[in-house]
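Novice: Just one file: data12.cif, with mmCIF, C-alpha atoms.
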```cif
data_run
loop_
_atom_site.label_atom_id
_atom_site.label_comp_id
_atom_site.auth_asym_id
_atom_site.auth_seq_id
_atom_site.Cartn_x
_atom_site.Cartn_y
_atom_site.Cartn_z
CA VAL A 1 -5.39 -10.53 11.70
CA GLN A 2 -1.90 -9.20 12.17
CA LEU A 3 1.25 -8.97 10.08
CA GLN A 4 4.38 -8.65 12.19
CA GLN A 5 7.54 -7.50 10.42
CA SER A 6 11.15 -7.84 11.45
CA GLY A 7 13.05 -4.95 12.95
CA ALA A 8 14.99 -2.09 11.46
CA GLU A 9 18.14 -2.91 9.48
CA LEU A 10 21.36 -1.00 8.90
CA VAL A 11 23.39 -2.57 6.11
CA ARG A 12 26.41 -1.70 4.00
CA PRO A 13 26.16 -0.78 0.32
CA GLY A 14 26.47 -3.84 -1.89
CA ALA A 15 25.12 -6.19 0.77
CA SER A 16 21.80 -8.04 0.87
CA VAL A 17 19.07 -8.08 3.48
CA LYS A 18 16.10 -10.32 4.18
CA ILE A 19 12.97 -8.87 5.78
CA SER A 20 10.29 -11.07 7.30
CA CYS A 21 6.53 -10.72 7.69
CA LYS A 22 4.81 -13.21 10.00
CA ALA A 23 1.05 -13.61 9.65
CA PHE A 24 -1.35 -14.23 12.50
CA GLY A 25 -5.08 -14.74 12.77
CA TYR A 26 -6.00 -16.11 9.35
CA THR A 27 -5.21 -18.98 7.00
CA PHE A 28 -1.88 -17.92 5.50
CA THR A 29 -2.34 -19.69 2.18
CA ASN A 30 -5.67 -17.97 1.47
CA HIS A 31 -4.24 -14.50 0.74
CA HIS A 32 -1.41 -13.13 -1.36
CA ILE A 33 1.26 -11.15 0.45
CA ASN A 34 2.31 -7.90 -1.22
CA TRP A 35 5.35 -5.74 -0.54
CA VAL A 36 5.41 -1.95 -0.81
CA LYS A 37 8.30 0.53 -0.61
CA GLN A 38 8.05 4.03 0.85
CA ARG A 39 10.98 6.43 0.76
CA PRO A 40 10.97 9.26 3.32
CA GLY A 41 8.43 11.89 2.38
CA GLN A 42 7.62 9.98 -0.79
CA GLY A 43 4.73 8.00 -2.12
CA LEU A 44 4.20 4.27 -2.23
CA ASP A 45 5.75 1.86 -4.72
CA TRP A 46 4.37 -1.63 -5.22
CA ILE A 47 7.21 -4.17 -5.36
CA GLY A 48 5.37 -7.41 -6.04
CA TYR A 49 3.38 -10.21 -4.49
CA ILE A 50 3.63 -13.87 -3.65
CA ASN A 51 0.84 -16.42 -3.46
CA PRO A 52 1.64 -18.53 -0.38
CA TYR A 53 -0.54 -21.37 -1.69
CA ASN A 54 1.65 -22.17 -4.69
CA ASP A 55 4.66 -19.81 -4.36
CA TYR A 56 3.66 -17.93 -7.52
CA THR A 57 5.23 -14.49 -7.69
CA SER A 58 4.59 -11.33 -9.67
CA TYR A 59 7.04 -8.43 -9.63
CA ASN A 60 6.94 -4.80 -10.63
CA GLN A 61 9.47 -4.58 -13.48
CA LYS A 62 11.22 -1.82 -11.48
CA PHE A 63 12.15 -4.33 -8.79
CA LYS A 64 13.01 -7.39 -10.85
CA GLY A 65 16.52 -8.43 -9.93
CA LYS A 66 16.35 -6.31 -6.77
CA ALA A 67 13.68 -8.10 -4.73
CA THR A 68 13.05 -11.82 -4.25
CA LEU A 69 9.86 -12.95 -2.51
CA THR A 70 9.52 -16.27 -0.71
CA VAL A 71 7.33 -17.85 1.96
CA ASP A 72 7.64 -20.48 4.66
CA LYS A 73 4.18 -22.01 5.00
CA SER A 74 5.14 -23.93 8.12
CA SER A 75 5.63 -20.68 10.04
CA SER A 76 3.16 -18.49 8.09
CA THR A 77 6.00 -16.13 7.25
CA ALA A 78 6.72 -14.21 4.07
CA TYR A 79 10.17 -12.94 3.21
CA MET A 80 11.58 -10.30 0.91
CA GLU A 81 15.28 -10.33 0.10
CA LEU A 82 16.82 -7.19 -1.37
CA SER A 83 20.18 -7.51 -3.05
CA SER A 84 23.05 -5.25 -4.19
CA LEU A 85 21.85 -2.53 -1.88
CA THR A 86 22.44 1.16 -2.57
CA SER A 87 21.31 4.33 -0.85
CA GLU A 88 18.29 4.32 -3.19
CA ASP A 89 17.05 1.23 -1.33
CA SER A 90 16.90 3.07 2.00
CA ALA A 91 13.19 3.18 2.77
CA VAL A 92 10.40 1.74 4.86
CA TYR A 93 9.17 -1.57 3.49
CA TYR A 94 5.67 -2.84 4.21
CA CYS A 95 4.08 -6.21 3.72
CA ALA A 96 0.33 -6.21 3.13
CA ARG A 97 -2.32 -8.87 2.80
CA ARG A 98 -4.35 -8.82 -0.37
CA ARG A 99 -8.12 -9.18 -0.25
CA ASN A 100 -9.61 -9.27 -3.74
CA TRP A 101 -7.70 -6.40 -5.38
CA ASP A 102 -6.83 -4.33 -2.33
CA PHE A 103 -4.57 -4.43 0.72
CA ASP A 104 -6.69 -4.86 3.83
CA TYR A 105 -4.02 -5.48 6.49
CA TRP A 106 -0.51 -4.06 6.59
CA GLY A 107 2.56 -4.83 8.65
CA GLN A 108 4.05 -2.12 10.83
CA GLY A 109 6.85 -1.48 8.37
CA THR A 110 10.59 -2.24 8.42
CA THR A 111 13.04 0.63 8.09
CA LEU A 112 16.06 -0.17 5.96
CA THR A 113 19.07 2.13 6.04
CA VAL A 114 21.88 1.51 3.57
CA SER A 115 25.02 3.27 4.69
CA SER A 116 28.71 2.65 5.08
CA ASP B 117 2.20 1.38 -16.34
CA ILE B 118 -0.96 3.24 -15.31
CA GLN B 119 -0.09 6.66 -13.90
CA MET B 120 -2.17 8.01 -11.03
CA THR B 121 -2.25 11.78 -10.64
CA GLN B 122 -3.59 12.91 -7.30
CA SER B 123 -4.55 16.44 -6.27
CA PRO B 124 -4.10 18.54 -4.35
CA ALA B 125 -0.70 17.58 -2.91
CA SER B 126 -1.65 19.22 0.36
CA LEU B 127 -4.50 21.11 1.93
CA ALA B 128 -5.68 22.42 5.25
CA ALA B 129 -9.29 22.25 6.34
CA SER B 130 -11.23 23.51 9.32
CA VAL B 131 -13.13 21.17 11.63
CA GLY B 132 -16.54 20.55 10.08
CA GLU B 133 -15.44 21.47 6.58
CA THR B 134 -16.02 19.19 3.58
CA VAL B 135 -12.84 17.97 1.90
CA THR B 136 -12.48 16.51 -1.60
CA ILE B 137 -9.39 14.77 -2.98
CA THR B 138 -9.20 13.68 -6.59
CA CYS B 139 -7.29 11.08 -8.53
CA ARG B 140 -6.93 10.83 -12.28
CA ALA B 141 -5.77 7.64 -13.98
CA SER B 142 -3.85 7.65 -17.26
CA GLU B 143 -6.38 5.18 -18.66
CA ASN B 144 -9.78 3.72 -17.79
CA ILE B 145 -9.47 1.64 -14.62
CA TYR B 146 -13.11 0.53 -14.46
CA TYR B 147 -13.80 1.42 -10.80
CA SER B 148 -10.69 -0.49 -9.62
CA LEU B 149 -9.67 2.31 -7.30
CA ALA B 150 -8.95 2.27 -3.59
CA TRP B 151 -8.19 5.01 -1.07
CA TYR B 152 -5.78 4.59 1.84
CA GLN B 153 -5.15 6.74 4.88
CA GLN B 154 -1.69 6.95 6.41
CA LYS B 155 -1.21 8.72 9.72
CA GLN B 156 2.21 10.00 10.66
CA GLY B 157 4.58 7.14 11.47
CA LYS B 158 1.93 4.48 10.82
CA SER B 159 1.08 1.98 8.11
CA PRO B 160 -1.51 2.82 5.46
CA GLN B 161 -5.10 1.72 6.15
CA LEU B 162 -7.71 0.82 3.56
CA LEU B 163 -10.64 3.24 3.60
CA ILE B 164 -12.51 2.75 0.33
CA TYR B 165 -12.34 0.05 -2.35
CA ASN B 166 -14.00 -0.48 -5.72
CA ALA B 167 -14.17 3.31 -5.99
CA ASN B 168 -17.15 3.71 -3.63
CA SER B 169 -17.32 0.82 -1.09
CA LEU B 170 -16.52 1.77 2.48
CA GLU B 171 -14.25 -0.61 4.38
CA ASP B 172 -15.73 -2.01 7.61
CA GLY B 173 -15.16 0.30 10.56
CA VAL B 174 -14.47 3.41 8.49
CA PRO B 175 -16.62 6.39 9.53
CA SER B 176 -19.50 7.18 7.20
CA ARG B 177 -18.22 10.73 6.67
CA PHE B 178 -15.80 9.19 4.17
CA SER B 179 -17.15 8.45 0.70
CA GLY B 180 -15.79 7.67 -2.75
CA SER B 181 -17.09 8.25 -6.24
CA GLY B 182 -16.02 8.37 -9.85
CA SER B 183 -15.66 6.27 -12.95
CA GLY B 184 -13.45 5.82 -15.97
CA THR B 185 -10.30 7.81 -15.30
CA GLN B 186 -11.59 10.30 -12.70
CA TYR B 187 -12.18 9.46 -9.03
CA SER B 188 -12.62 11.37 -5.82
CA MET B 189 -12.85 10.85 -2.10
CA LYS B 190 -14.87 13.17 0.10
CA ILE B 191 -14.74 13.72 3.84
CA ASN B 192 -17.95 15.26 5.10
CA SER B 193 -17.24 17.28 8.18
CA MET B 194 -13.48 17.11 8.71
CA GLN B 195 -12.42 15.89 12.16
CA PRO B 196 -9.01 16.37 13.88
CA GLU B 197 -8.36 12.62 13.68
CA ASP B 198 -8.60 12.80 9.86
CA THR B 199 -5.22 14.56 9.76
CA ALA B 200 -3.19 12.19 7.60
CA THR B 201 -1.82 11.59 4.13
CA TYR B 202 -4.25 9.98 1.70
CA PHE B 203 -3.27 7.85 -1.28
CA CYS B 204 -5.29 6.47 -4.15
CA LYS B 205 -4.27 3.19 -5.76
CA GLN B 206 -5.39 1.56 -8.97
CA ALA B 207 -6.05 -2.17 -8.84
CA TYR B 208 -6.95 -2.64 -12.51
CA ASP B 209 -3.60 -3.76 -13.86
CA VAL B 210 -0.16 -4.69 -12.57
CA PRO B 211 2.02 -3.02 -11.64
CA TRP B 212 -0.47 -1.60 -9.16
CA THR B 213 0.31 2.08 -8.81
CA PHE B 214 -0.39 4.74 -6.21
CA GLY B 215 -1.09 8.43 -6.45
CA GLY B 216 1.50 10.80 -5.05
CA GLY B 217 -0.52 11.44 -1.90
CA THR B 218 -2.47 14.32 -0.37
CA LYS B 219 -1.35 15.63 2.99
CA LEU B 220 -4.43 16.81 4.89
CA GLU B 221 -4.04 19.01 7.94
CA ILE B 222 -6.32 20.89 10.29
CA LYS B 223 -6.52 24.63 9.71
#
```
Taking this structure as input, can you express it in the form of structure tokens?
Specialist:
Amino acid sequence: VQLQQSGAELVRPGASVKISCKAFGYTFTNHHINWVKQRPGQGLDWIGYINPYNDYTSYNQKFKGKATLTVDKSSSTAYMELSSLTSEDSAVYYCARRRNWDFDYWGQGTTLTVSS
Amino acid sequence: DIQMTQSPASLAASVGETVTITCRASENIYYSLAWYQQKQGKSPQLLIYNANSLEDGVPSRFSGSGSGTQYSMKINSMQPEDTATYFCKQAYDVPWTFGGGTKLEIK
């Protein structure tokens, strides 16, 4: 099992960015994909999850309107789009596979820097 | 939202020492508690789930216990490779929430 995330991004304030998470080694539609934010030296914030089987999503209220989760079943890839970016969105973003109620495999993380 | 209060924020332990990290939930989370280890520059890794079940491949010196609102993780005989930040996470109710982390170093 492996989750491979897209590379680091440097984007301007106000712009949007789409981060990808490609799954390998298991049946993609059998496990929810979660997204987690980690600011430098900070803790972990759960953003939300998507069920690749039926595209159902659940978001942390903190990230509603900020994050949009989608999947492409044909390529076993999950996406997270972040909009109206500010410096507060600069962080490392992780995707993670859910097994029962926990996250058993994580991507390597994508560093997002929002700066003009 | 369920708040997770983790302590201590940091500690240093000698090789061979026993280490205990605690997590308190703002309400009963009915054993829905996991512990993750994050080494510097790496992704978190699941160590313990359902409060006391060890994830496959995790050394047996790690253990978890607790119930209700109070949970703890113990490392019996600290090893240099256990240097990391440890997070608890409640899986009882969305939004799933993490503790603030405990940075564990070798003394």
Novice: Mind checking which residues fall within 9 Å of Val92 of chain A, counting only C-alpha atoms, ignoring those fewer than 6 positions away in the same chain, and posting them as a PyMOL selection string?
Specialist: chain A and resi 8+36-40+109-113
Novice: Could you please take those selected residues and save C-alpha atoms as an mmCIF file, in the frame of the given file?
Specialist:
```
data_model
loop_
_atom_site.group_PDB
_atom_site.id
_atom_site.type_symbol
_atom_site.label_atom_id
_atom_site.label_comp_id
_atom_site.auth_asym_id
_atom_site.auth_seq_id
_atom_site.Cartn_x
_atom_site.Cartn_y
_atom_site.Cartn_z
ATOM 1 C CA ALA A 8 14.990 -2.090 11.460
ATOM 2 C CA VAL A 36 5.410 -1.950 -0.810
ATOM 3 C CA LYS A 37 8.300 0.530 -0.610
ATOM 4 C CA GLN A 38 8.050 4.030 0.850
ATOM 5 C CA ARG A 39 10.980 6.430 0.760
ATOM 6 C CA PRO A 40 10.970 9.260 3.320
ATOM 7 C CA GLY A 109 6.850 -1.480 8.370
ATOM 8 C CA THR A 110 10.590 -2.240 8.420
ATOM 9 C CA THR A 111 13.040 0.630 8.090
ATOM 10 C CA LEU A 112 16.060 -0.170 5.960
ATOM 11 C CA THR A 113 19.070 2.130 6.040
#
```
Novice: In Å, how far is it from atom CA of Leu163 of chain B to atom CA of Thr57 of chain A?
Specialist: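 These two atoms are separated by 26.3 Å.
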Novice: Please expand the PyMOL selection byres ((chain A) within 6 of (chain B)) into the concrete residues it hits in this file, giving the result as a ChimeraX atom specification.
Specialist: /A:43,60,101,104,108
Novice: Got a sec to resolve the PyMOL selection byres ((chain A and resi 52) around 9) on this structure and send the residues as a PyMOL selection string?
Specialist: chain A and resi 28-33+50-51+53-56+70-73+76+78
Novice: Kindly save the residues from that selection, with C-alpha atoms included, as a CSV table (one decimal), in the coordinates of the input.
Specialist:
```csv
chain,number,residue,atom,x,y,z
A,28,PHE,CA,-1.9,-17.9,5.5
A,29,THR,CA,-2.3,-19.7,2.2
A,30,ASN,CA,-5.7,-18.0,1.5
A,31,HIS,CA,-4.2,-14.5,0.7
A,32,HIS,CA,-1.4,-13.1,-1.4
A,33,ILE,CA,1.3,-11.2,0.4
A,50,ILE,CA,3.6,-13.9,-3.6
A,51,ASN,CA,0.8,-16.4,-3.5
A,53,TYR,CA,-0.5,-21.4,-1.7
A,54,ASN,CA,1.6,-22.2,-4.7
A,55,ASP,CA,4.7,-19.8,-4.4
A,56,TYR,CA,3.7,-17.9,-7.5
A,70,THR,CA,9.5,-16.3,-0.7
A,71,VAL,CA,7.3,-17.8,2.0
A,72,ASP,CA,7.6,-20.5,4.7
A,73,LYS,CA,4.2,-22.0,5.0
A,76,SER,CA,3.2,-18.5,8.1
A,78,ALA,CA,6.7,-14.2,4.1
```
Novice: For the structure provided, state which residues fall under the PyMOL selection byres ((chain A and resi 24) around 10), and present them as a PyMOL selection string.
Specialist: chain A and resi 1-4+21-23+25-28+75-77
Novice: Would you list the residues near (16.8, -6.1, 0.7) (no more than 10 Å away, in the coordinates of the file, using only C-alpha atoms) as a list in words?
Specialist: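 Within the cut-off we find Glu9, Val11, Ala15, Ser16, Val17, Lys18, Ile19, Lys66, Ala67, Thr68, Tyr79, Met80, Glu81, Leu82, Ser83, Ser84, Leu85, Thr86, Asp89, Ser90, Tyr93, Leu112 and Val114 of chain A.
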Novice: Could those selected residues go to a file with C-alpha atoms, as an mmCIF file, in the coordinates of the input?
Specialist:
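Written output follows (selection_31.cif):
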```cif
data_model
loop_
_atom_site.group_PDB
_atom_site.id
_atom_site.type_symbol
_atom_site.label_atom_id
_atom_site.label_comp_id
_atom_site.auth_asym_id
_atom_site.auth_seq_id
_atom_site.Cartn_x
_atom_site.Cartn_y
_atom_site.Cartn_z
ATOM 1 C CA GLU A 9 18.140 -2.910 9.480
ATOM 2 C CA VAL A 11 23.390 -2.570 6.110
ATOM 3 C CA ALA A 15 25.120 -6.190 0.770
ATOM 4 C CA SER A 16 21.800 -8.040 0.870
ATOM 5 C CA VAL A 17 19.070 -8.080 3.480
ATOM 6 C CA LYS A 18 16.100 -10.320 4.180
ATOM 7 C CA ILE A 19 12.970 -8.870 5.780
ATOM 8 C CA LYS A 66 16.350 -6.310 -6.770
ATOM 9 C CA ALA A 67 13.680 -8.100 -4.730
ATOM 10 C CA THR A 68 13.050 -11.820 -4.250
ATOM 11 C CA TYR A 79 10.170 -12.940 3.210
ATOM 12 C CA MET A 80 11.580 -10.300 0.910
ATOM 13 C CA GLU A 81 15.280 -10.330 0.100
ATOM 14 C CA LEU A 82 16.820 -7.190 -1.370
ATOM 15 C CA SER A 83 20.180 -7.510 -3.050
ATOM 16 C CA SER A 84 23.050 -5.250 -4.190
ATOM 17 C CA LEU A 85 21.850 -2.530 -1.880
ATOM 18 C CA THR A 86 22.440 1.160 -2.570
ATOM 19 C CA ASP A 89 17.050 1.230 -1.330
ATOM 20 C CA SER A 90 16.900 3.070 2.000
ATOM 21 C CA TYR A 93 9.170 -1.570 3.490
ATOM 22 C CA LEU A 112 16.060 -0.170 5.960
ATOM 23 C CA VAL A 114 21.880 1.510 3.570
#
```
Novice: Distance atom CA of Ala125 of chain B-atom CA of Arg98 of chain A, one decimal place?
Specialist: 26.8 Å
Novice: Report as number ranges by chain all protein, DNA and RNA residues lying within 10 Å of Ser176 of chain B, evaluated on all atoms listed in the file, omitting residues in the same chain fewer than 4 positions from it.
Specialist: B: 170-172, 191-192
Novice: Counting all atoms listed in the file, which of B:Gln156, B:Ser169, B:Thr199, B:Ser193 gets nearest to Ser181 of chain B?
Specialist: B:Ser169
Novice: Counting all atoms listed in the file, which of B:Ala141, B:Ala200, B:Val174, B:Ile222 gets nearest to Gln122 of chain B?
Specialist: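 Closest to Gln122 of chain B, using all atoms listed in the file: B:Ala141.
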